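Below: start.cif (mmCIF, C-alpha atoms)
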```cif
data_work
loop_
_atom_site.label_atom_id
_atom_site.label_comp_id
_atom_site.auth_asym_id
_atom_site.auth_seq_id
_atom_site.Cartn_x
_atom_site.Cartn_y
_atom_site.Cartn_z
CA MET Z 29 0.00 0.00 0.00
CA ALA Z 30 1.35 3.40 -0.99
CA THR Z 31 2.42 5.86 1.69
CA LYS Z 32 0.36 9.03 1.73
CA PHE Z 33 2.33 12.21 1.04
CA PHE Z 34 2.86 14.27 4.21
CA SER Z 35 1.46 11.47 6.40
CA GLN Z 36 3.44 10.68 9.56
CA GLU Z 37 4.71 7.49 7.92
CA TRP Z 38 5.91 9.57 4.98
CA CYS Z 39 7.51 12.17 7.30
CA ASP Z 40 9.41 9.41 9.14
CA GLY Z 41 10.67 7.95 5.88
CA ALA Z 42 11.61 11.36 4.47
CA MET Z 43 13.52 12.21 7.65
CA ASP Z 44 15.57 9.02 7.37
CA ALA Z 45 16.21 9.59 3.67
CA ALA Z 46 17.22 13.23 4.14
CA ASN Z 47 19.47 12.52 7.09
CA ALA Z 48 21.22 9.82 5.05
CA SER Z 49 21.91 12.25 2.22
CA GLU Z 50 25.53 13.35 2.30
CA PRO Z 51 25.07 15.64 -0.74
CA MET Z 52 22.38 17.45 1.24
CA TYR Z 53 24.60 17.80 4.30
CA LYS Z 54 27.55 18.99 2.23
CA GLY Z 55 25.26 21.41 0.38
CA PHE Z 56 24.61 23.55 3.42
CA LYS Z 57 26.55 26.79 3.58
CA LYS Z 58 27.40 25.85 7.16
CA ALA Z 59 25.66 22.72 8.40
CA SER Z 60 26.91 23.15 11.96
CA THR Z 61 24.80 26.29 12.38
CA PHE Z 62 21.75 25.08 10.47
CA THR Z 63 19.46 24.76 13.49
CA ASN Z 64 15.89 25.93 13.06
CA LYS Z 65 12.25 25.01 12.62
CA MET Z 66 10.40 25.15 9.34
CA ALA Z 67 7.12 24.29 7.68
CA PHE Z 68 6.33 22.83 4.28
CA GLY Z 69 2.85 23.05 2.91
CA VAL Z 70 0.73 22.60 -0.16
CA LEU Z 71 -0.70 25.72 -1.78
CA GLY Z 72 -4.45 25.89 -1.47
CA ARG Z 73 -4.49 23.03 1.03
CA ASP Z 74 -4.26 24.37 4.56
CA ASP Z 75 -4.78 20.84 5.82
CA LEU Z 76 -1.60 19.58 4.13
CA VAL Z 77 1.37 20.81 6.10
CA SER Z 78 4.33 19.32 7.91
CA HIS Z 79 6.66 20.84 10.47
CA LEU Z 80 10.25 19.87 11.01
CA GLU Z 81 13.12 20.78 13.23
CA TRP Z 82 16.75 20.88 12.17
CA LYS Z 83 19.73 20.65 14.44
CA GLU Z 84 23.17 21.25 12.96
CA GLY Z 85 22.17 20.18 9.48
CA ARG Z 86 20.24 17.07 10.51
CA ILE Z 87 16.50 16.69 11.00
CA VAL Z 88 15.59 15.76 14.56
CA SER Z 89 11.82 15.90 14.24
CA TRP Z 90 9.33 15.83 11.38
CA THR Z 91 5.66 15.96 12.14
CA SER Z 92 2.69 15.54 9.88
CA GLY Z 93 0.54 18.58 10.58
CA ARG Z 94 1.28 21.62 12.68
CA GLN Z 95 3.65 21.28 15.59
CA TYR Z 96 4.99 24.80 16.15
CA ASP Z 97 3.53 28.28 16.39
CA GLN Z 98 4.03 30.46 13.33
CA ASP Z 99 6.34 32.71 15.38
CA GLU Z 100 8.67 29.76 16.02
CA LEU Z 101 9.08 28.97 12.35
CA TRP Z 102 12.13 30.27 10.55
CA LEU Z 103 10.86 29.27 7.13
CA ASP Z 104 7.41 28.52 5.80
CA ILE Z 105 7.59 27.18 2.26
CA LYS Z 106 4.72 26.19 0.00
CA ALA Z 107 4.25 24.77 -3.47
CA ASP Z 108 1.47 23.03 -5.31
CA MET Z 109 1.30 19.24 -5.18
CA GLU Z 110 2.56 18.80 -8.74
CA THR Z 111 5.68 20.86 -8.00
CA TRP Z 112 6.46 18.88 -4.85
CA LYS Z 113 6.02 15.66 -6.80
CA ASP Z 114 8.28 16.87 -9.63
CA LEU Z 115 10.95 17.90 -7.13
CA ALA Z 116 10.70 14.67 -5.14
CA GLU Z 117 10.94 12.56 -8.28
CA GLY Z 118 13.90 14.52 -9.65
CA ARG Z 119 12.10 16.05 -12.64
CA ALA Z 120 12.62 19.59 -11.36
CA GLU Z 121 15.37 21.57 -9.69
CA ALA Z 122 14.70 23.48 -6.51
CA GLY Z 123 16.49 26.65 -7.65
CA LYS Z 124 14.62 26.78 -10.91
CA MET Z 125 11.28 26.18 -9.21
CA LEU Z 126 12.11 28.97 -6.79
CA VAL Z 127 12.95 31.44 -9.56
CA MET Z 128 9.88 30.37 -11.52
CA GLY Z 129 7.77 31.17 -8.49
CA LYS Z 130 6.58 27.58 -8.15
CA VAL Z 131 8.12 27.27 -4.71
CA LYS Z 132 6.96 30.13 -2.54
CA PHE Z 133 8.46 31.54 0.61
CA GLU Z 134 5.54 32.44 2.84
CA LYS Z 135 7.96 33.34 5.60
CA GLY Z 136 11.69 33.51 6.05
CA PRO Z 137 14.81 34.89 4.46
CA MET Z 138 15.25 34.31 0.74
CA SER Z 139 18.98 34.36 1.39
CA ALA Z 140 18.59 31.06 3.25
CA ALA Z 141 17.35 29.35 0.10
CA ILE Z 142 20.02 30.95 -2.06
CA GLU Z 143 22.93 30.13 0.21
CA ASN Z 144 21.66 26.60 0.83
CA ALA Z 145 20.25 25.93 -2.64
CA VAL Z 146 22.29 22.76 -3.12
CA ALA Z 147 21.15 21.37 0.22
CA LEU Z 148 17.56 22.32 -0.53
CA HIS Z 149 17.73 20.53 -3.86
CA HIS Z 150 19.01 17.28 -2.32
CA PHE Z 151 16.66 17.61 0.62
CA LEU Z 152 13.65 17.83 -1.69
CA GLN Z 153 14.93 14.92 -3.76
CA SER Z 154 15.05 12.82 -0.61
CA TRP Z 155 11.28 13.24 -0.35
CA GLY Z 156 10.95 10.80 -3.21
CA ARG Z 157 12.85 8.20 -1.17
CA ALA Z 158 10.51 8.44 1.81
CA ALA Z 159 8.80 5.21 0.78
CA ASP Z 160 8.83 2.65 -2.01
CA GLU Z 161 5.56 4.00 -3.28
CA ILE Z 162 4.14 7.42 -2.51
CA ASP Z 163 0.52 8.41 -2.99
CA TYR Z 164 0.30 12.11 -3.89
CA ASP Z 165 -3.46 11.91 -4.29
CA VAL Z 166 -4.26 13.08 -0.78
CA MET O 20 1.86 44.95 -3.35
CA ALA O 21 4.73 45.79 -1.03
CA VAL O 22 7.21 42.93 -0.68
CA ALA O 23 8.78 44.59 2.32
CA GLU O 24 8.27 47.85 4.17
CA THR O 25 11.79 48.57 5.19
CA ALA O 26 13.10 51.67 6.88
CA GLY O 27 10.95 53.83 4.68
CA TYR O 28 12.19 52.18 1.50
CA PRO O 29 9.52 49.73 0.35
CA VAL O 30 9.97 47.35 -2.53
CA LYS O 31 6.82 46.82 -4.57
CA LEU O 32 5.88 44.33 -7.24
CA GLN O 33 4.14 46.17 -10.03
CA SER O 34 2.08 43.07 -10.86
CA GLY O 35 1.29 42.32 -7.24
CA ASP O 36 0.44 38.73 -6.42
CA SER O 37 0.51 37.79 -10.09
CA ALA O 38 4.12 38.93 -10.55
CA ASN O 39 6.31 36.41 -12.32
CA GLY O 40 8.73 34.26 -10.38
CA VAL O 41 11.91 36.17 -11.06
CA ALA O 42 10.24 39.49 -10.18
CA THR O 43 8.97 37.97 -6.95
CA ILE O 44 12.32 36.50 -5.93
CA VAL O 45 14.25 39.66 -6.85
CA GLY O 46 11.70 41.86 -5.10
CA THR O 47 11.71 39.70 -1.98
CA LEU O 48 15.49 39.57 -1.98
CA LEU O 49 15.83 43.34 -2.34
CA GLY O 50 13.28 43.98 0.40
CA GLN O 51 15.03 41.60 2.79
CA ASN O 52 18.42 43.03 1.84
CA PHE O 53 17.31 46.57 2.65
CA GLU O 54 16.16 45.25 6.01
CA ASN O 55 19.41 43.40 6.72
CA PHE O 56 21.74 45.93 5.11
CA PRO O 57 20.05 49.35 5.47
CA GLU O 58 23.19 51.03 4.15
CA ARG O 59 22.23 49.69 0.73
CA ILE O 60 19.22 52.03 0.59
CA ALA O 61 21.56 54.91 -0.26
CA LEU O 62 23.07 52.73 -2.96
CA ALA O 63 19.63 52.05 -4.42
CA LYS O 64 18.78 55.74 -4.43
CA ARG O 65 21.91 56.43 -6.46
CA THR O 66 20.77 53.96 -9.12
CA LYS O 67 18.73 56.33 -11.22
CA ARG O 68 18.07 54.20 -14.25
CA PRO O 69 16.34 50.83 -14.51
CA VAL O 70 18.26 47.59 -14.28
CA ALA O 71 16.98 44.21 -15.43
CA VAL O 72 17.46 40.54 -14.67
CA VAL O 73 16.67 37.91 -17.28
CA SER O 74 16.46 34.28 -16.22
CA THR O 75 17.50 32.52 -19.41
CA ASP O 76 16.36 29.04 -18.48
CA THR O 77 12.95 30.03 -17.19
CA ASP O 78 12.27 32.70 -19.83
CA GLN O 79 11.31 35.24 -17.22
CA ALA O 80 12.56 38.75 -16.70
CA CYS O 81 12.09 41.67 -14.38
CA THR O 82 13.05 45.31 -14.40
CA ILE O 83 13.89 47.15 -11.20
CA MET O 84 13.31 50.85 -10.89
CA PHE O 85 14.90 52.44 -7.87
CA ARG O 86 13.28 55.66 -6.75
CA ASP O 87 13.95 58.08 -3.91
CA HIS O 88 11.18 56.57 -1.80
CA GLY O 89 11.26 52.92 -2.79
CA ALA O 90 11.80 50.44 -5.56
CA VAL O 91 9.34 48.96 -8.02
CA VAL O 92 9.92 45.60 -9.68
CA HIS O 93 8.16 45.14 -13.01
CA ASP O 94 7.53 41.91 -14.88
CA GLY O 95 9.55 41.68 -18.09
CA ILE O 96 11.76 44.34 -19.62
CA VAL O 97 10.35 47.81 -19.11
CA GLY O 98 11.89 50.97 -20.50
CA LYS O 99 15.57 50.92 -21.38
CA PRO O 100 17.53 49.24 -18.60
CA ILE O 101 21.04 50.57 -18.28
CA VAL O 102 22.24 47.16 -17.06
CA THR O 103 20.75 43.79 -17.94
CA VAL O 104 21.94 40.58 -16.32
CA ARG O 105 21.13 37.58 -18.51
CA ALA O 106 21.83 34.42 -16.57
CA SER O 107 20.63 30.92 -15.79
CA VAL O 108 19.09 30.20 -12.41
CA ASP O 109 22.33 28.68 -11.13
CA GLN O 110 24.26 31.73 -12.30
CA ILE O 111 21.77 34.08 -10.63
CA LEU O 112 22.21 32.11 -7.41
CA ASP O 113 26.00 32.37 -7.76
CA VAL O 114 26.00 36.09 -8.53
CA SER O 115 23.76 36.81 -5.54
CA GLN O 116 26.35 35.20 -3.26
CA LEU O 117 29.22 37.44 -4.31
CA LYS O 118 30.36 39.73 -1.54
CA MET O 119 30.69 43.32 -2.68
CA LYS O 120 32.19 46.11 -0.63
CA ALA O 121 32.13 49.89 -1.06
CA GLY O 122 28.83 49.77 -2.86
CA GLY O 123 30.14 47.30 -5.37
CA LEU O 124 33.26 49.29 -6.21
CA TRP O 125 35.38 46.75 -4.33
CA PRO O 126 34.02 43.45 -5.67
CA VAL O 127 35.79 41.13 -3.25
CA GLY O 128 33.42 38.30 -4.17
CA PHE O 129 35.00 38.01 -7.59
CA PHE O 130 38.25 36.94 -5.96
CA THR O 131 36.76 33.73 -4.62
CA LYS O 132 36.29 30.34 -6.24
CA ARG O 133 32.65 31.15 -6.93
CA GLY O 134 33.54 34.63 -8.20
CA MET O 135 36.22 33.27 -10.51
CA GLY O 136 33.64 30.89 -11.90
CA VAL O 137 31.26 33.78 -12.54
CA LEU O 138 34.02 35.80 -14.21
CA GLY O 139 34.90 32.84 -16.39
CA GLN O 140 31.31 32.54 -17.53
CA ILE O 141 31.15 36.27 -18.26
CA LEU O 142 34.33 36.00 -20.34
CA ARG O 143 32.88 33.05 -22.26
CA HIS O 144 29.57 34.94 -22.71
CA LYS O 145 27.73 32.20 -20.85
CA LEU O 146 26.58 34.87 -18.43
CA VAL O 147 25.94 38.28 -19.93
CA VAL O 148 25.98 41.52 -17.99
CA LYS O 149 24.95 44.00 -20.63
CA GLY O 150 26.32 47.35 -19.55
CA LEU O 151 29.28 45.94 -17.63
CA LEU O 152 31.81 47.79 -19.76
CA THR O 153 29.81 50.94 -20.49
CA HIS O 154 28.16 51.32 -17.07
CA THR O 155 30.57 49.44 -14.84
CA VAL O 156 29.67 51.21 -11.60
CA THR O 157 25.95 50.58 -12.03
CA SER O 158 26.64 46.97 -12.99
CA LEU O 159 28.69 46.35 -9.86
CA ARG O 160 26.15 48.27 -7.78
CA THR O 161 23.38 46.03 -9.14
CA ILE O 162 25.28 42.94 -7.99
CA ALA O 163 25.86 44.57 -4.61
CA LEU O 164 22.14 45.27 -4.22
CA VAL O 165 21.07 41.68 -4.84
CA SER O 166 23.94 40.10 -2.92
CA VAL O 167 22.84 38.18 0.17
CA VAL O 168 26.24 38.49 1.85
#
```

Write-out of the structure in structure tokens:
Amino acid sequence: MATKFFSQEWCDGAMDAANASEPMYKGFKKASTFTNKMAFGVLGRDDLVSHLEWKEGRIVSWTSGRQYDQDELWLDIKADMETWKDLAEGRAEAGKMLVMGKVKFEKGPMSAAIENAVALHHFLQSWGRAADEIDYDV
Amino acid sequence: MAVAETAGYPVKLQSGDSANGVATIVGTLLGQNFENFPERIALAKRTKRPVAVVSTDTDQACTIMFRDHGAVVHDGIVGKPIVTVRASVDQILDVSQLKMKAGGLWPVGFFTKRGMGVLGQILRHKLVVKGLLTHTVTSLRTIALVSVV
């Protein structure tokens, strides 16, 4: 049975996949200081959101749904489902999607995405490795 | 639509919420830069003529008009930009990470590995800064304004 995108099972798998990604870790401008909380959501779907916490370039918590207050979040990033799927399955590049306006920063410094663009790209690619089969029809 | 209301120097997107992606990212970046580096507001005010950024691999462009009381970012090429940066997304990301001092007049970022790469691409015409030779100060100032460092 396919794992539902942004479900807790998916979040657990994505966390393992991302934390195992050396290209992601090496892609940070400075992984040792990359400690923050962020949200990823689906445009037009307030019910589809996940919150995660980073500590020194590794994810320590990834929750399906809202976990933190908006004030606690450093970044709040949204895209439509098709864009997330394209990024997760390696058909799109994070930087290009950002410049095309497909990935939107609802909150947070744009400089963070620019300086960590390589890490962001590999992080988003790890989403596609969260499970053997992912159901994006949620 | 104001991207950022910063120290009396707002950055607005002429097309508001429907602005194209490159206009949105440049507008957001400028607004956040004026917040983080308020000294750059004076630099913006000295940039009297429009400058443009063309994203060659997404076929999007924007034109930035710096005024005394704020900047406006237009979709596409508007008017006659004095400087036009034509670059791929990766090149735009690289250029925006070049450290510039003295309002761009001391482009220290070019003397780094990333900067050398950018220079090499300019020399090979892979990255075009139209106006670099004829309006060098404005070209360097443009890079300084969008730099995140």

>> Between CA of Trp112 in chain Z and CA of Ser115 in chain O, what is the distance in Å, rounded to a tenth?
In response: 24.9 Å

Please, which residues of chain O lie no more than 8 Å from chain Z when the count uses all atoms listed in the file, and can they be set out as a PDB file with C-alpha atoms, keeping the file's coordinate frame?
```
ATOM      1  CA  ASN O  39       6.310  36.410 -12.320  1.00  0.00           C
ATOM      2  CA  GLY O  40       8.730  34.260 -10.380  1.00  0.00           C
ATOM      3  CA  VAL O  41      11.910  36.170 -11.060  1.00  0.00           C
ATOM      4  CA  THR O  43       8.970  37.970  -6.950  1.00  0.00           C
ATOM      5  CA  ILE O  44      12.320  36.500  -5.930  1.00  0.00           C
ATOM      6  CA  THR O  47      11.710  39.700  -1.980  1.00  0.00           C
ATOM      7  CA  LEU O  48      15.490  39.570  -1.980  1.00  0.00           C
ATOM      8  CA  GLN O  51      15.030  41.600   2.790  1.00  0.00           C
ATOM      9  CA  THR O  77      12.950  30.030 -17.190  1.00  0.00           C
ATOM     10  CA  GLN O  79      11.310  35.240 -17.220  1.00  0.00           C
ATOM     11  CA  VAL O 108      19.090  30.200 -12.410  1.00  0.00           C
ATOM     12  CA  ASP O 109      22.330  28.680 -11.130  1.00  0.00           C
ATOM     13  CA  LEU O 112      22.210  32.110  -7.410  1.00  0.00           C
ATOM     14  CA  SER O 115      23.760  36.810  -5.540  1.00  0.00           C
ATOM     15  CA  GLN O 116      26.350  35.200  -3.260  1.00  0.00           C
ATOM     16  CA  VAL O 167      22.840  38.180   0.170  1.00  0.00           C
TER      17      VAL O 167
END
```

>> Could you check the closest approach to Leu152 in chain Z for each of Z:Glu134, Z:Gln36, Z:Glu117, Z:Thr91 and tell me which residue wins, using only C-alpha atoms?
In response: Z:Glu117

> For this file, the PyMOL selection byres ((chain O and resi 31) around 12) selects which residues, as a VMD selection string?
Replying inline: chain O and resid 20 to 25 28 to 30 32 to 36 38 42 to 50 82 to 86 88 to 94

> Within 12 Å of Glu37 in chain Z, counting all atoms listed in the file, which residues qualify if same-chain residues fewer than 3 places away don't, as an MDAnalysis selection string?
Replying inline: chainID Z and resid 29:34 40:44 78 90:92 158:163

>> I'd like to see the residues matched by the PyMOL selection byres ((chain O and resi 125-137) around 8) on this file, and ideally I'd get them as JSON, numbers by chain.
In response: {"O": [110, 113, 114, 116, 117, 118, 119, 120, 121, 122, 123, 124, 138, 139, 140, 141, 146, 159]}

Save the residues we just selected, C-alpha atoms, as a compact mmCIF listing (two decimals), in the coordinates of the input?
```txt
# COMPACT_ATOMS: atom_id res chain seq x y z
CA GLN O 110 24.26 31.73 -12.30
CA ASP O 113 26.00 32.37 -7.76
CA VAL O 114 26.00 36.09 -8.53
CA GLN O 116 26.35 35.20 -3.26
CA LEU O 117 29.22 37.44 -4.31
CA LYS O 118 30.36 39.73 -1.54
CA MET O 119 30.69 43.32 -2.68
CA LYS O 120 32.19 46.11 -0.63
CA ALA O 121 32.13 49.89 -1.06
CA GLY O 122 28.83 49.77 -2.86
CA GLY O 123 30.14 47.30 -5.37
CA LEU O 124 33.26 49.29 -6.21
CA LEU O 138 34.02 35.80 -14.21
CA GLY O 139 34.90 32.84 -16.39
CA GLN O 140 31.31 32.54 -17.53
CA ILE O 141 31.15 36.27 -18.26
CA LEU O 146 26.58 34.87 -18.43
CA LEU O 159 28.69 46.35 -9.86
```

>> Quick check on the file I pasted: which residues fall under the PyMOL selection byres ((chain Z and resi 51-61) around 9)? Write them as a list in words.
In response: Ala46, Asn47, Ala48, Ser49, Glu50, Phe62, Thr63, Asn64, Lys83, Glu84, Gly85, Arg86, Glu143, Asn144, Ala145, Val146, Ala147, Leu148, His149, His150, Phe151 and Ser154 of chain Z

>> If I take CA of Asp74 in chain Z and CA of Val166 in chain Z, how far is one from the other in Å, to one decimal?
In response: 12.5 Å

> Which distance in Å separates CA of Lys106 in chain Z and CA of Trp155 in chain Z, to one decimal?
Replying inline: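 Atom-to-atom, CA of Lys106 in chain Z to CA of Trp155 in chain Z, that is 14.5 Å.
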
> Could you pull the residues within 9 Å of Ala67 in chain Z, counting only C-alpha atoms, minus those fewer than 3 positions along the same chain, as a PyMOL selection string?
Replying inline: chain Z and resi 77-81+94+96+98+101-106

> Between O:Cys81, O:Val148, O:Ala163, O:Val168, which one has atoms that come closest to Leu62 in chain O, using all atoms listed in the file?
Replying inline: O:Ala163

>> Residues within 7 Å of Gln153 in chain Z, please, as a VMD selection string. Count only C-alpha atoms; anything in the same chain fewer than 6 positions from it doesn't count.
In response: chain Z and resid 115 to 118

>> Could you list, as a list in words, every residue within 8 Å of Leu164 in chain O, counting all atoms listed in the file and ignoring same-chain residues fewer than 2 positions away?
In response: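 Contacts, in chain order: Leu49, Asn52, Arg59, Leu62, Ala63, Arg160, Thr161, Ile162 and Ser166 of chain O.
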